[in-house]
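*Asks:* CSV, C-alpha atoms, saved as data_28.csv, coming up:
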```
chain,number,residue,atom,x,y,z
A,10,MET,CA,43.3,-25.1,-8.3
A,11,ARG,CA,41.7,-22.6,-10.6
A,12,LYS,CA,42.9,-19.7,-8.5
A,13,LYS,CA,46.3,-21.2,-8.5
A,14,TRP,CA,46.3,-21.3,-12.3
A,15,LEU,CA,45.1,-17.7,-12.5
A,16,GLY,CA,48.0,-16.6,-10.3
A,17,VAL,CA,50.4,-18.4,-12.5
A,18,LEU,CA,49.0,-16.9,-15.7
A,19,THR,CA,49.1,-13.4,-14.1
A,20,ALA,CA,52.7,-13.9,-13.2
A,21,CYS,CA,53.6,-14.8,-16.8
A,22,VAL,CA,51.7,-11.8,-18.1
A,23,MET,CA,53.7,-9.6,-15.8
A,24,PHE,CA,56.9,-11.1,-17.1
A,25,ILE,CA,55.9,-10.3,-20.7
A,26,GLY,CA,54.9,-6.8,-19.7
A,27,MET,CA,58.2,-6.1,-18.0
A,28,PHE,CA,60.1,-7.6,-20.9
A,29,ALA,CA,58.1,-5.4,-23.3
A,30,GLN,CA,58.9,-2.3,-21.4
A,31,GLY,CA,62.6,-3.1,-21.2
A,32,VAL,CA,63.3,-4.6,-24.7
A,33,LEU,CA,60.4,-4.3,-27.1
A,34,ALA,CA,60.4,-0.5,-27.0
A,35,GLN,CA,64.0,-0.3,-28.1
A,36,PRO,CA,65.2,-0.3,-31.7
A,37,GLN,CA,65.5,-3.7,-33.4
A,38,GLU,CA,69.3,-3.8,-33.1
A,39,SER,CA,69.2,-3.3,-29.4
A,40,ALA,CA,66.4,-5.9,-29.0
A,41,ALA,CA,68.6,-8.4,-30.8
A,42,GLU,CA,71.5,-7.7,-28.5
A,43,ASN,CA,69.4,-7.9,-25.4
A,44,LYS,CA,67.9,-11.3,-26.4
A,45,GLU,CA,71.1,-12.9,-25.3
A,46,SER,CA,72.3,-10.4,-22.8
A,47,GLY,CA,70.7,-11.9,-19.7
A,48,GLU,CA,68.8,-8.8,-18.8
A,49,VAL,CA,65.6,-10.9,-18.5
A,50,SER,CA,66.0,-13.6,-15.9
A,51,VAL,CA,63.9,-16.7,-16.5
A,52,ALA,CA,64.0,-19.3,-13.7
A,53,SER,CA,62.4,-22.0,-15.9
A,54,GLN,CA,64.9,-24.1,-17.9
A,55,SER,CA,63.5,-22.9,-21.2
A,56,GLY,CA,61.6,-19.7,-22.1
A,57,LEU,CA,60.7,-17.9,-25.3
A,58,VAL,CA,58.7,-14.8,-26.3
A,59,MET,CA,57.5,-14.6,-30.0
A,60,ASP,CA,55.7,-11.9,-31.9
A,61,ALA,CA,52.6,-13.8,-33.1
A,62,LYS,CA,52.3,-11.8,-36.3
A,63,THR,CA,55.8,-12.0,-37.6
A,64,GLN,CA,57.0,-15.1,-35.6
A,65,THR,CA,60.0,-13.1,-34.7
A,66,VAL,CA,61.7,-14.4,-31.5
A,67,LEU,CA,62.1,-11.5,-29.1
A,68,TYR,CA,63.6,-13.5,-26.2
A,69,GLU,CA,64.7,-17.0,-25.7
A,70,LYS,CA,66.5,-19.3,-23.3
A,71,ASN,CA,67.1,-22.8,-24.5
A,72,GLY,CA,64.4,-22.2,-27.1
A,73,GLU,CA,65.6,-25.0,-29.4
A,74,ARG,CA,66.2,-27.6,-26.6
A,75,LEU,CA,63.8,-30.5,-26.3
A,76,TYR,CA,61.6,-30.9,-23.3
A,77,TYR,CA,58.4,-32.7,-22.3
A,78,PRO,CA,55.4,-30.5,-23.0
A,79,ALA,CA,52.8,-31.9,-20.6
A,80,SER,CA,49.3,-30.4,-21.2
A,81,ILE,CA,50.3,-27.5,-23.4
A,82,THR,CA,50.2,-30.4,-26.0
A,83,LYS,CA,46.4,-29.9,-25.9
A,84,LEU,CA,46.8,-26.7,-27.9
A,85,LEU,CA,48.0,-28.7,-30.8
A,86,THR,CA,45.2,-31.2,-30.2
A,87,ALA,CA,42.7,-28.4,-30.3
A,88,LEU,CA,44.1,-27.1,-33.6
A,89,VAL,CA,43.9,-30.5,-35.3
A,90,VAL,CA,40.3,-30.9,-34.0
A,91,VAL,CA,39.0,-27.6,-35.3
A,92,LYS,CA,40.7,-28.2,-38.6
A,93,ASN,CA,38.8,-31.4,-39.2
A,94,CYS,CA,35.5,-31.1,-37.2
A,95,SER,CA,32.5,-28.8,-36.7
A,96,LEU,CA,32.0,-27.5,-33.2
A,97,ASP,CA,28.4,-28.9,-33.0
A,98,GLU,CA,29.4,-32.5,-33.9
A,99,THR,CA,28.6,-35.1,-31.2
A,100,VAL,CA,31.5,-36.8,-29.5
A,101,ILE,CA,30.8,-40.2,-27.8
A,102,PHE,CA,33.3,-41.1,-25.1
A,103,SER,CA,34.7,-44.7,-25.4
A,104,HIS,CA,35.9,-46.8,-22.6
A,105,ASP,CA,39.5,-46.3,-23.7
A,106,ALA,CA,39.1,-42.5,-23.9
A,107,VAL,CA,38.1,-42.4,-20.3
A,108,TYR,CA,40.2,-45.1,-18.7
A,109,ASP,CA,43.3,-45.5,-21.0
A,110,VAL,CA,45.2,-42.7,-19.1
A,111,GLU,CA,48.1,-42.6,-16.8
A,112,ASP,CA,47.4,-43.6,-13.2
A,113,GLY,CA,46.7,-40.5,-11.1
A,114,SER,CA,46.0,-38.2,-14.0
A,115,GLY,CA,42.5,-37.7,-12.8
A,116,ASN,CA,39.0,-37.4,-14.3
A,117,ASN,CA,37.6,-34.4,-12.4
A,118,GLN,CA,34.7,-34.1,-14.7
A,119,GLY,CA,33.5,-37.6,-14.0
A,120,PHE,CA,33.3,-38.7,-17.6
A,121,GLU,CA,32.1,-42.3,-18.2
A,122,ALA,CA,32.0,-44.4,-21.3
A,123,GLY,CA,29.0,-43.6,-23.4
A,124,ASP,CA,28.9,-39.9,-22.4
A,125,LYS,CA,28.0,-37.5,-25.2
A,126,LEU,CA,29.2,-34.0,-25.6
A,127,THR,CA,29.7,-31.6,-28.6
A,128,VAL,CA,33.1,-31.0,-30.0
A,129,GLU,CA,32.9,-27.5,-28.5
A,130,GLU,CA,32.0,-28.8,-25.0
A,131,CYS,CA,34.9,-31.2,-25.2
A,132,LEU,CA,37.3,-28.4,-26.2
A,133,TYR,CA,36.2,-26.3,-23.2
A,134,ALA,CA,36.8,-29.3,-20.9
A,135,MET,CA,40.1,-30.1,-22.5
A,136,ILE,CA,41.5,-26.5,-22.5
A,137,LEU,CA,40.0,-25.0,-19.3
A,138,GLU,CA,40.0,-28.1,-17.1
A,139,SER,CA,42.8,-29.9,-18.9
A,140,SER,CA,40.7,-33.0,-19.2
A,141,ASN,CA,42.7,-36.0,-20.5
A,142,PRO,CA,39.5,-38.1,-21.3
A,143,ALA,CA,38.2,-35.2,-23.4
A,144,ALA,CA,41.5,-35.0,-25.3
A,145,ASN,CA,41.3,-38.8,-26.0
A,146,ALA,CA,37.6,-38.6,-27.0
A,147,LEU,CA,38.3,-35.7,-29.4
A,148,ALA,CA,41.2,-37.6,-30.9
A,149,GLU,CA,39.1,-40.7,-31.5
A,150,HIS,CA,36.2,-38.7,-32.9
A,151,THR,CA,38.4,-36.7,-35.2
A,152,SER,CA,40.6,-39.4,-36.8
A,153,GLY,CA,38.9,-42.7,-35.8
A,154,SER,CA,41.9,-43.9,-33.8
A,155,MET,CA,44.6,-42.6,-31.6
A,156,ASP,CA,47.4,-43.6,-33.9
A,157,LYS,CA,45.8,-41.7,-36.9
A,158,PHE,CA,45.2,-38.6,-34.7
A,159,VAL,CA,48.8,-38.6,-33.5
A,160,TYR,CA,49.9,-38.8,-37.1
A,161,GLU,CA,47.8,-35.7,-37.9
A,162,MET,CA,49.3,-33.9,-34.9
A,163,ASN,CA,52.8,-34.4,-36.2
A,164,GLU,CA,51.9,-33.5,-39.7
A,165,THR,CA,50.2,-30.3,-38.5
A,166,ALA,CA,53.2,-29.4,-36.5
A,167,LYS,CA,55.5,-29.9,-39.5
A,168,GLU,CA,53.2,-27.7,-41.6
A,169,LEU,CA,53.5,-24.9,-39.0
A,170,GLY,CA,57.3,-25.1,-39.3
A,171,CYS,CA,58.1,-27.2,-36.2
A,172,ARG,CA,61.5,-28.7,-36.7
A,173,HIS,CA,62.1,-31.0,-33.7
A,174,SER,CA,58.8,-32.0,-32.1
A,175,SER,CA,57.5,-35.5,-31.7
A,176,PHE,CA,54.0,-36.0,-30.3
A,177,GLN,CA,52.8,-39.4,-29.2
A,178,ASN,CA,49.4,-38.6,-27.5
A,179,PRO,CA,46.8,-35.9,-27.5
A,180,SER,CA,46.8,-35.1,-23.8
A,181,GLY,CA,50.5,-34.5,-23.0
A,182,LEU,CA,50.7,-37.3,-20.4
A,183,ASN,CA,54.1,-38.7,-19.7
A,184,ASP,CA,55.8,-40.4,-22.8
A,185,LYS,CA,59.6,-40.4,-23.2
A,186,MET,CA,59.1,-40.0,-27.0
A,187,GLN,CA,56.8,-36.9,-26.7
A,188,GLU,CA,59.2,-33.9,-26.8
A,189,THR,CA,59.0,-30.4,-28.2
A,190,THR,CA,60.8,-27.1,-28.0
A,191,ALA,CA,59.7,-23.7,-26.7
A,192,TYR,CA,60.2,-22.4,-30.3
A,193,ASP,CA,57.9,-25.1,-31.8
A,194,MET,CA,55.3,-24.6,-29.1
A,195,ALA,CA,55.3,-20.9,-29.8
A,196,LEU,CA,54.6,-21.6,-33.5
A,197,ILE,CA,51.8,-23.9,-32.6
A,198,SER,CA,50.4,-21.4,-30.2
A,199,CYS,CA,50.5,-18.6,-32.7
A,200,ALA,CA,48.3,-20.7,-35.0
A,201,VAL,CA,45.9,-21.6,-32.1
A,202,PHE,CA,45.3,-18.0,-31.1
A,203,GLU,CA,44.9,-17.0,-34.8
A,204,ASN,CA,41.8,-19.3,-34.8
A,205,GLU,CA,38.8,-17.3,-33.6
A,206,ALA,CA,37.0,-20.3,-32.0
A,207,LEU,CA,40.0,-21.5,-30.1
A,208,ARG,CA,40.9,-18.0,-29.1
A,209,GLU,CA,37.5,-17.6,-27.5
A,210,ILE,CA,37.8,-20.9,-25.7
A,211,CYS,CA,41.3,-20.3,-24.4
A,212,SER,CA,40.3,-16.8,-23.3
A,213,ALA,CA,37.2,-17.9,-21.3
A,214,ARG,CA,37.4,-16.3,-17.9
A,215,ILE,CA,37.1,-18.4,-14.7
A,216,ASN,CA,34.6,-17.0,-12.2
A,217,GLY,CA,34.8,-13.7,-14.0
A,218,GLU,CA,38.1,-12.8,-12.4
A,219,GLU,CA,40.5,-10.4,-14.1
A,220,THR,CA,44.0,-11.7,-14.6
A,221,ALA,CA,45.7,-9.1,-16.8
A,222,ASP,CA,48.5,-6.7,-16.1
A,223,PRO,CA,47.0,-3.2,-16.5
A,224,GLN,CA,49.4,-2.5,-19.4
A,225,TRP,CA,48.6,-5.7,-21.3
A,226,ASP,CA,45.4,-7.3,-22.4
A,227,PHE,CA,45.7,-11.0,-21.3
A,228,VAL,CA,43.9,-13.1,-23.9
A,229,GLY,CA,44.5,-16.7,-22.9
A,230,GLY,CA,46.9,-19.5,-22.3
A,231,LYS,CA,47.3,-23.1,-21.2
A,232,THR,CA,49.1,-24.6,-18.2
A,233,GLY,CA,50.7,-28.0,-18.0
A,234,TYR,CA,52.3,-30.4,-15.5
A,235,THR,CA,53.5,-33.9,-15.4
A,236,SER,CA,56.2,-35.6,-13.2
A,237,MET,CA,58.5,-35.7,-16.2
A,238,ALA,CA,57.8,-32.3,-17.7
A,239,GLY,CA,57.5,-30.2,-14.6
A,240,ASN,CA,55.4,-27.1,-15.1
A,241,THR,CA,54.9,-25.7,-18.6
A,242,LEU,CA,52.9,-22.7,-19.7
A,243,VAL,CA,51.8,-20.9,-22.8
A,244,THR,CA,50.5,-17.3,-22.5
A,245,TYR,CA,49.1,-14.9,-25.1
A,246,VAL,CA,48.7,-11.2,-24.7
A,247,GLU,CA,47.8,-8.2,-26.8
A,248,GLU,CA,48.7,-4.5,-26.5
A,249,ASP,CA,48.4,-1.7,-29.1
A,250,GLY,CA,48.0,-4.0,-32.0
A,251,ARG,CA,50.9,-6.2,-30.9
A,252,GLN,CA,50.3,-9.9,-30.1
A,253,LEU,CA,52.9,-11.9,-28.1
A,254,VAL,CA,53.2,-15.5,-27.2
A,255,ALA,CA,55.3,-16.7,-24.3
A,256,VAL,CA,56.3,-20.3,-23.6
A,257,VAL,CA,58.1,-21.6,-20.6
A,258,MET,CA,59.1,-25.3,-20.1
A,259,LYS,CA,60.7,-27.4,-17.4
A,260,SER,CA,59.8,-25.3,-14.4
A,261,ASP,CA,59.6,-26.1,-10.8
A,262,MET,CA,56.7,-23.7,-9.8
A,263,THR,CA,58.6,-20.8,-11.5
A,264,HIS,CA,56.4,-20.5,-14.6
```
Before anything else, please render the file you have as structure tokens.
*Replies:*
Amino acid sequence: MRKKWLGVLTACVMFIGMFAQGVLAQPQESAAENKESGEVSVASQSGLVMDAKTQTVLYEKNGERLYYPASITKLLTALVVVKNCSLDETVIFSHDAVYDVEDGSGNNQGFEAGDKLTVEECLYAMILESSNPAANALAEHTSGSMDKFVYEMNETAKELGCRHSSFQNPSGLNDKMQETTAYDMALISCAVFENEALREICSARINGEETADPQWDFVGGKTGYTSMAGNTLVTYVEEDGRQLVAVVMKSDMTH
């Protein structure tokens, strides 16, 4: 599964690299024209590339349309956590955190009620292994209850300029009311990768394998999948002082 994720992330980095060569190197007026010209083909139902510094949209396809985010939701969860907690705080897993999850969503880490990890350890489990129990435990630790944490998620999203998003849980598991746009997720992702601690966690390499296109420095990203959302993906790359965030949503193994 980890190798599969690495391949997916590499493909998205290659997409950004090719897009950069074809569009970003051109004058601003040409880039604006090409944004809607169809020169970049994205098989996912929604795709968006944003300059992380200026929040300028460089490419989009259905960037303002609502979709289910799946586990890229965990990027917003991580942002709320680091805003309110120290990395060395102790998180105690409750019964609900471990077991109040969708059937079949998995617990690959084998967490049990009463387990204790630091906030930092939970963040690694949540981002790299996409642990739903870790997301729940962090939410309960941060805000005292799931409802209060979800409120904080939505307030943070609004502060970042998100206009259409509605988050209902910290994990991204299926919920008909949990919707966002590629544009909103790009805004959230820009804030995530601006945070030094989260950038380090999101960029941790798996088994020391290189994933970057030679022309771009792959920094990090987050995958997602549920039956309702399909495949979703956020990728962040750097090159010559430029930082780009790419978001794709509602994919069928095309992300």
*Asks:* For a test of reading the model, state the distance in Å between CA of Glu188 in chain A and CA of Ala238 in chain A, rounded to one decimal.
*Replies:*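 We find that CA of Glu188 in chain A and CA of Ala238 in chain A lie 9.3 Å from each other.
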*Asks:* So which residues are close to (31.7, -25.8, -21.8), meaning at most 12 Å away in the file's coordinates with all atoms listed in the file counted, and can you show them as a PyMOL selection string?
*Replies:* chain A and resi 96+118+126-138+140+143+209-211+213-215
*Asks:* Considering all atoms listed in the file, return as a PyMOL selection string whatever protein or nucleic-acid residues lie within 10 Å of range 167-178 of chain A, sequence-local ones (same chain, fewer than 6 positions apart) excluded.
*Replies:* chain A and resi 73-78+82-83+85-86+144-145+148+155-156+158-161+184-200
*Asks:* Of the candidates A:Thr244, A:Gln54, A:Thr65, A:Asn183, which one gets nearest to Asp112 in chain A if we count all atoms listed in the file?
*Replies:* A:Asn183
*Asks:* What does the distance between CA of Asn240 in chain A and CA of Glu111 in chain A come to in Å, to one decimal place?
*Replies:*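 Interatomic distance here is 17.2 Å.
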*Asks:* Please indicate the distance in Å from CA of Met59 in chain A to CA of Gln252 in chain A, rounded to one decimal place.
*Replies:* 8.6 Å
*Asks:* So which one's closest to Glu69 in chain A, A:Ala146, A:Leu207, A:Lys157, A:Met258? Using all atoms listed in the file, please.
*Replies:* A:Met258
*Asks:* Which one is closest to Gly115 in chain A: A:Gln64, A:Asn141, A:Ser152, A:Ser55? Count all atoms listed in the file.
*Replies:* A:Asn141
*Asks:* Let me make sure I understand: among A:Val66, A:Val49, A:Asp60, A:Thr99, which one has the smallest atom-to-atom distance to Glu248 in chain A if we use all atoms listed in the file?
*Replies:*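 Going through A:Val66, A:Val49, A:Asp60, A:Thr99 one by one, the smallest distance to Glu248 in chain A is for A:Asp60.
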*Asks:* Compile the contact shell of Tyr245 in chain A as a short mmCIF file (atom, residue, chain, number, x, y, z; two decimals) with C-alpha atoms, in the coordinates of the input: residues with an atom at most 7 Å away, counting only C-alpha atoms, same-chain residues fewer than 3 positions apart removed.
*Replies:*
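Final file, part-v1.cif:
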```cif
data_model
loop_
_atom_site.label_atom_id
_atom_site.label_comp_id
_atom_site.auth_asym_id
_atom_site.auth_seq_id
_atom_site.Cartn_x
_atom_site.Cartn_y
_atom_site.Cartn_z
CA PHE A 227 45.70 -11.00 -21.30
CA VAL A 228 43.90 -13.10 -23.90
CA GLY A 229 44.50 -16.70 -22.90
CA GLY A 230 46.90 -19.50 -22.30
CA LEU A 253 52.90 -11.90 -28.10
CA VAL A 254 53.20 -15.50 -27.20
CA ALA A 255 55.30 -16.70 -24.30
#
```
*Asks:* Considering all atoms listed in the file, state which residue in the set A:Gly72, A:Pro179, A:Pro142, A:Gly119 is at the smallest distance from Ala87 in chain A.
*Replies:*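 Once distances to Ala87 in chain A are computed over all atoms listed in the file, the minimum belongs to A:Pro179.
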*Asks:* Could you check the closest approach to Ser139 in chain A for each of A:Ala79, A:Leu88, A:Met162, A:Val100 and tell me which residue wins, using only C-alpha atoms?
*Replies:*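 Using only C-alpha atoms, Ser139 in chain A sits closest to A:Ala79.
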